[in-house]
$ cat structure-v4.cif   # mmCIF, C-alpha atoms, pLDDT in the B column; chains and numbers go by the auth columns
data_target
#
loop_
_atom_site.group_PDB
_atom_site.id
_atom_site.type_symbol
_atom_site.label_atom_id
_atom_site.label_comp_id
_atom_site.label_asym_id
_atom_site.label_seq_id
_atom_site.Cartn_x
_atom_site.Cartn_y
_atom_site.Cartn_z
_atom_site.B_iso_or_equiv
_atom_site.auth_seq_id
_atom_site.auth_asym_id
ATOM 1 C CA MET A 1 0.000 0.000 0.000 51.00 1 A
ATOM 2 C CA ALA A 2 1.243 3.507 -0.838 55.00 2 A
ATOM 3 C CA ASN A 3 2.370 5.873 1.861 57.00 3 A
ATOM 4 C CA VAL A 4 -0.055 8.827 1.789 55.00 4 A
ATOM 5 C CA SER A 5 0.935 10.462 5.030 55.00 5 A
ATOM 6 C CA PRO A 6 1.002 14.281 5.054 53.00 6 A
ATOM 7 C CA THR A 7 4.773 14.361 5.491 53.00 7 A
ATOM 8 C CA SER A 8 5.430 12.557 2.217 52.00 8 A
ATOM 9 C CA ARG A 9 2.894 14.452 0.069 57.00 9 A
ATOM 10 C CA GLY A 10 4.755 17.757 -0.349 62.00 10 A
ATOM 11 C CA ASP A 11 8.027 16.219 -1.549 69.00 11 A
ATOM 12 C CA ILE A 12 8.063 14.920 -5.128 70.00 12 A
ATOM 13 C CA THR A 13 11.818 14.507 -5.437 74.00 13 A
ATOM 14 C CA THR A 14 11.429 10.792 -4.893 75.00 14 A
ATOM 15 C CA HIS A 15 8.778 10.414 -7.599 72.00 15 A
ATOM 16 C CA PRO A 16 10.014 8.126 -10.399 77.00 16 A
ATOM 17 C CA ASP A 17 8.935 10.571 -13.151 78.00 17 A
ATOM 18 C CA VAL A 18 10.218 13.774 -11.564 76.00 18 A
ATOM 19 C CA SER A 19 12.724 14.576 -14.324 81.00 19 A
ATOM 20 C CA GLU A 20 10.116 14.068 -17.057 82.00 20 A
ATOM 21 C CA MET A 21 7.595 16.238 -15.189 76.00 21 A
ATOM 22 C CA ARG A 22 10.178 19.020 -14.766 75.00 22 A
ATOM 23 C CA ASP A 23 11.062 18.879 -18.468 77.00 23 A
ATOM 24 C CA ARG A 24 7.403 19.014 -19.488 74.00 24 A
ATOM 25 C CA TYR A 25 6.746 21.926 -17.146 69.00 25 A
ATOM 26 C CA ALA A 26 9.774 23.812 -18.522 67.00 26 A
ATOM 27 C CA ARG A 27 8.596 23.196 -22.119 66.00 27 A
ATOM 28 C CA MET A 28 5.100 24.391 -21.282 62.00 28 A
ATOM 29 C CA LEU A 29 6.274 27.594 -19.637 58.00 29 A
ATOM 30 C CA GLY A 30 9.049 28.196 -22.141 57.00 30 A
ATOM 31 C CA GLY A 31 6.704 29.164 -24.982 51.00 31 A
ATOM 32 C CA ARG A 32 4.201 31.241 -23.039 52.00 32 A
ATOM 33 C CA ASP A 33 5.884 34.556 -23.779 54.00 33 A
ATOM 34 C CA VAL A 34 5.094 34.121 -27.460 53.00 34 A
ATOM 35 C CA THR A 35 1.373 34.056 -26.787 62.00 35 A
ATOM 36 C CA LEU A 36 1.422 37.781 -26.140 75.00 36 A
ATOM 37 C CA LEU A 37 1.384 38.215 -29.918 81.00 37 A
ATOM 38 C CA ASP A 38 -1.586 35.940 -30.569 84.00 38 A
ATOM 39 C CA GLY A 39 -4.194 38.554 -29.678 89.00 39 A
ATOM 40 C CA PRO A 40 -2.858 41.233 -32.031 93.00 40 A
ATOM 41 C CA VAL A 41 -2.464 38.647 -34.814 92.00 41 A
ATOM 42 C CA PHE A 42 -6.061 37.502 -34.345 93.00 42 A
ATOM 43 C CA LEU A 43 -7.342 41.082 -34.302 95.00 43 A
ATOM 44 C CA LEU A 44 -5.381 41.850 -37.465 96.00 44 A
ATOM 45 C CA GLY A 45 -6.987 38.861 -39.172 96.00 45 A
ATOM 46 C CA LEU A 46 -10.424 39.920 -37.996 97.00 46 A
ATOM 47 C CA TYR A 47 -9.898 43.466 -39.278 97.00 47 A
ATOM 48 C CA CYS A 48 -8.544 42.177 -42.585 96.00 48 A
ATOM 49 C CA ALA A 49 -11.655 40.043 -43.048 96.00 49 A
ATOM 50 C CA VAL A 50 -14.122 42.854 -42.354 96.00 50 A
ATOM 51 C CA SER A 51 -12.168 45.812 -43.764 94.00 51 A
ATOM 52 C CA PRO A 52 -13.938 45.811 -47.162 93.00 52 A
ATOM 53 C CA TRP A 53 -17.233 46.494 -45.406 94.00 53 A
ATOM 54 C CA ILE A 54 -15.719 49.016 -42.988 93.00 54 A
ATOM 55 C CA LEU A 55 -14.102 51.016 -45.800 91.00 55 A
ATOM 56 C CA HIS A 56 -17.011 50.449 -48.208 88.00 56 A
ATOM 57 C CA TYR A 57 -15.167 49.106 -51.207 87.00 57 A
ATOM 58 C CA THR A 58 -17.460 46.148 -51.762 83.00 58 A
ATOM 59 C CA THR A 59 -18.822 47.581 -55.022 86.00 59 A
ATOM 60 C CA SER A 60 -15.647 49.136 -56.414 87.00 60 A
ATOM 61 C CA GLN A 61 -13.309 46.147 -55.747 89.00 61 A
ATOM 62 C CA PRO A 62 -15.318 42.887 -55.571 90.00 62 A
ATOM 63 C CA PRO A 63 -12.271 40.619 -56.073 92.00 63 A
ATOM 64 C CA LEU A 64 -10.498 42.303 -53.150 93.00 64 A
ATOM 65 C CA VAL A 65 -13.511 41.784 -50.914 93.00 65 A
ATOM 66 C CA THR A 66 -13.276 38.023 -51.315 94.00 66 A
ATOM 67 C CA HIS A 67 -9.493 38.143 -51.126 95.00 67 A
ATOM 68 C CA ASN A 68 -9.404 40.107 -47.862 95.00 68 A
ATOM 69 C CA LEU A 69 -12.100 37.905 -46.350 96.00 69 A
ATOM 70 C CA VAL A 70 -10.176 34.708 -47.130 97.00 70 A
ATOM 71 C CA VAL A 71 -6.790 36.103 -46.070 96.00 71 A
ATOM 72 C CA GLY A 72 -8.305 37.534 -42.884 96.00 72 A
ATOM 73 C CA ILE A 73 -9.776 34.150 -41.980 96.00 73 A
ATOM 74 C CA ALA A 74 -6.389 32.527 -42.700 95.00 74 A
ATOM 75 C CA ILE A 75 -4.612 35.020 -40.428 94.00 75 A
ATOM 76 C CA GLY A 76 -7.190 34.387 -37.703 93.00 76 A
ATOM 77 C CA LEU A 77 -6.667 30.636 -38.015 92.00 77 A
ATOM 78 C CA LEU A 78 -2.908 31.131 -37.772 89.00 78 A
ATOM 79 C CA ALA A 79 -3.442 33.086 -34.552 88.00 79 A
ATOM 80 C CA LEU A 80 -5.616 30.329 -33.140 88.00 80 A
ATOM 81 C CA GLY A 81 -2.969 27.793 -34.098 84.00 81 A
ATOM 82 C CA PHE A 82 -0.294 29.922 -32.426 81.00 82 A
ATOM 83 C CA THR A 83 -2.398 29.890 -29.268 80.00 83 A
ATOM 84 C CA ARG A 84 -3.310 26.221 -29.350 80.00 84 A
ATOM 85 C CA ALA A 85 0.067 24.681 -30.254 75.00 85 A
ATOM 86 C CA PRO A 86 2.804 27.326 -30.194 70.00 86 A
ATOM 87 C CA GLU A 87 5.655 24.828 -30.295 69.00 87 A
ATOM 88 C CA ARG A 88 4.333 23.461 -33.601 74.00 88 A
ATOM 89 C CA MET A 89 3.015 26.626 -35.214 73.00 89 A
ATOM 90 C CA TYR A 90 5.757 29.172 -34.746 70.00 90 A
ATOM 91 C CA GLY A 91 7.588 27.745 -37.740 77.00 91 A
ATOM 92 C CA LEU A 92 4.769 29.350 -39.709 83.00 92 A
ATOM 93 C CA SER A 93 5.811 32.803 -38.521 83.00 93 A
ATOM 94 C CA TRP A 94 7.818 33.184 -41.706 87.00 94 A
ATOM 95 C CA ALA A 95 4.762 32.197 -43.734 90.00 95 A
ATOM 96 C CA PHE A 96 2.877 34.914 -41.890 91.00 96 A
ATOM 97 C CA CYS A 97 5.517 37.383 -43.091 93.00 97 A
ATOM 98 C CA ALA A 98 4.919 36.153 -46.642 94.00 98 A
ATOM 99 C CA VAL A 99 1.175 36.719 -46.194 95.00 99 A
ATOM 100 C CA GLY A 100 1.983 40.273 -45.125 96.00 100 A
ATOM 101 C CA ILE A 101 4.061 40.882 -48.251 97.00 101 A
ATOM 102 C CA TRP A 102 1.248 39.441 -50.357 96.00 102 A
ATOM 103 C CA MET A 103 -1.256 41.788 -48.696 96.00 103 A
ATOM 104 C CA ILE A 104 0.931 44.754 -49.653 96.00 104 A
ATOM 105 C CA ILE A 105 0.958 43.872 -53.355 95.00 105 A
ATOM 106 C CA ALA A 106 -2.533 42.332 -53.569 94.00 106 A
ATOM 107 C CA PRO A 107 -4.458 45.527 -54.465 94.00 107 A
ATOM 108 C CA TRP A 108 -2.572 45.724 -57.757 94.00 108 A
ATOM 109 C CA VAL A 109 -2.484 41.981 -58.452 94.00 109 A
ATOM 110 C CA VAL A 110 -6.017 41.015 -57.414 93.00 110 A
ATOM 111 C CA GLY A 111 -7.800 44.352 -57.715 85.00 111 A
ATOM 112 C CA SER A 112 -8.224 46.623 -60.677 85.00 112 A
ATOM 113 C CA SER A 113 -6.755 50.135 -60.306 85.00 113 A
ATOM 114 C CA PRO A 114 -7.423 50.497 -56.566 88.00 114 A
ATOM 115 C CA ASP A 115 -7.914 53.934 -55.102 90.00 115 A
ATOM 116 C CA ALA A 116 -5.591 55.295 -52.409 91.00 116 A
ATOM 117 C CA GLY A 117 -7.781 54.195 -49.487 90.00 117 A
ATOM 118 C CA VAL A 118 -7.950 50.564 -50.599 91.00 118 A
ATOM 119 C CA ALA A 119 -4.227 50.437 -51.317 93.00 119 A
ATOM 120 C CA LEU A 120 -3.323 52.117 -48.030 95.00 120 A
ATOM 121 C CA ASN A 121 -5.577 49.742 -46.084 95.00 121 A
ATOM 122 C CA ASN A 122 -3.874 46.675 -47.546 95.00 122 A
ATOM 123 C CA ILE A 123 -0.402 48.190 -47.149 96.00 123 A
ATOM 124 C CA ILE A 124 -1.043 48.847 -43.458 97.00 124 A
ATOM 125 C CA ILE A 125 -2.459 45.349 -42.925 97.00 125 A
ATOM 126 C CA GLY A 126 0.480 43.836 -44.776 97.00 126 A
ATOM 127 C CA ALA A 127 3.075 45.881 -42.911 97.00 127 A
ATOM 128 C CA LEU A 128 1.541 44.933 -39.558 97.00 128 A
ATOM 129 C CA ALA A 129 1.499 41.271 -40.627 96.00 129 A
ATOM 130 C CA VAL A 130 5.188 41.408 -41.560 95.00 130 A
ATOM 131 C CA ILE A 131 6.088 43.130 -38.277 95.00 131 A
ATOM 132 C CA LEU A 132 4.044 40.692 -36.170 92.00 132 A
ATOM 133 C CA GLY A 133 5.429 37.734 -38.138 90.00 133 A
ATOM 134 C CA LEU A 134 8.990 38.889 -37.511 91.00 134 A
ATOM 135 C CA MET A 135 8.196 39.381 -33.828 88.00 135 A
ATOM 136 C CA CYS A 136 6.692 35.870 -33.642 83.00 136 A
ATOM 137 C CA ALA A 137 9.702 34.364 -35.407 82.00 137 A
ATOM 138 C CA GLY A 138 12.145 36.245 -33.190 82.00 138 A
ATOM 139 C CA THR A 139 10.359 35.294 -30.005 76.00 139 A
ATOM 140 C CA ALA A 140 10.097 31.667 -31.088 70.00 140 A
ATOM 141 C CA ALA A 141 13.812 31.595 -31.928 72.00 141 A
ATOM 142 C CA ARG A 142 14.702 33.046 -28.525 72.00 142 A
ATOM 143 C CA SER A 143 12.518 30.611 -26.608 64.00 143 A
ATOM 144 C CA ALA A 144 13.526 27.528 -28.619 60.00 144 A
ATOM 145 C CA PRO A 145 15.388 24.960 -26.560 58.00 145 A
ATOM 146 C CA THR A 146 19.094 24.740 -27.272 58.00 146 A
ATOM 147 C CA PRO A 147 20.420 21.278 -28.120 58.00 147 A
#
$ encode --input "structure-v4.cif" --output "structure tokens"
Amino acid sequence: MANVSPTSRGDITTHPDVSEMRDRYARMLGGRDVTLLDGPVFLLGLYCAVSPWILHYTTSQPPLVTHNLVVGIAIGLLALGFTRAPERMYGLSWAFCAVGIWMIIAPWVVGSSPDAGVALNNIIIGALAVILGLMCAGTAARSAPTP
């Protein structure tokens, strides 16, 4: 029968899995600083998805409406992935930077002669995506375990 006396409960140094539990705890806490960026990334994706309706370019740029909606949903899903499994998803930080670059050039590739407001909106979204992607990649690189 196991010894469950109060004197032996507070000390886990004799537990057979203590080293594995410490490693798991260190891994779990090691990536928590990167989650500070998940909220802004999610909000950027949400704004990207709804920006055509906020800025009222649904009739002048129909292809960009669909484009921004799809890219905004993709950015939001990346943010949810960053939150759910940061140790697996932060390799996609560089892909997030690529999405930002694509958002900068998309008004001229997807749209047809966009006005200044539409172009500026996508440039700002793209620049913020690149900046947040670089911050995610940098934070993930700093918190990665060294071999």
$ closest_residue --input "structure-v4.cif" --among "A:Ile105, A:Asp23, A:Leu46, A:Gly91" --to "A:Leu77" --atoms "only C-alpha atoms"
A:Leu46
$ resolve_selection --input "structure-v4.cif" --expression "the PyMOL selection byres ((chain A and resi 106) around 9)" --output "number ranges by chain"
A: 64, 67, 101-105, 107-111, 119, 122-123
$ resolve_selection --input "structure-v4.cif" --expression "the PyMOL selection byres ((chain A and resi 125-142) around 7)" --output "ChimeraX atom specification"
/A:34,37,41,48,90,93-94,96-97,100-101,103-104,121-124,143-144
$ atom_distance --input "structure-v4.cif" --atom1 "atom CA of A:Arg88" --atom2 "atom CA of A:Arg24"
15.1 Å
$ atom_distance --input "structure-v4.cif" --atom1 "atom CA of A:Thr83" --atom2 "atom CA of A:Leu44"
14.8 Å
$ atom_distance --input "structure-v4.cif" --atom1 "atom CA of A:Pro52" --atom2 "atom CA of A:Leu80"
22.5 Å
$ residues_around --input "structure-v4.cif" --residues "A:Ala49" --least-positions-apart "3" --cutoff "9 Å" --atoms "all atoms listed in the file" --output "list in words"
Leu44, Gly45, Leu46, Pro52, Trp53, Val65, Thr66, His67, Asn68, Leu69, Val70, Val71, Gly72, Ile73 and Gly76 of chain A
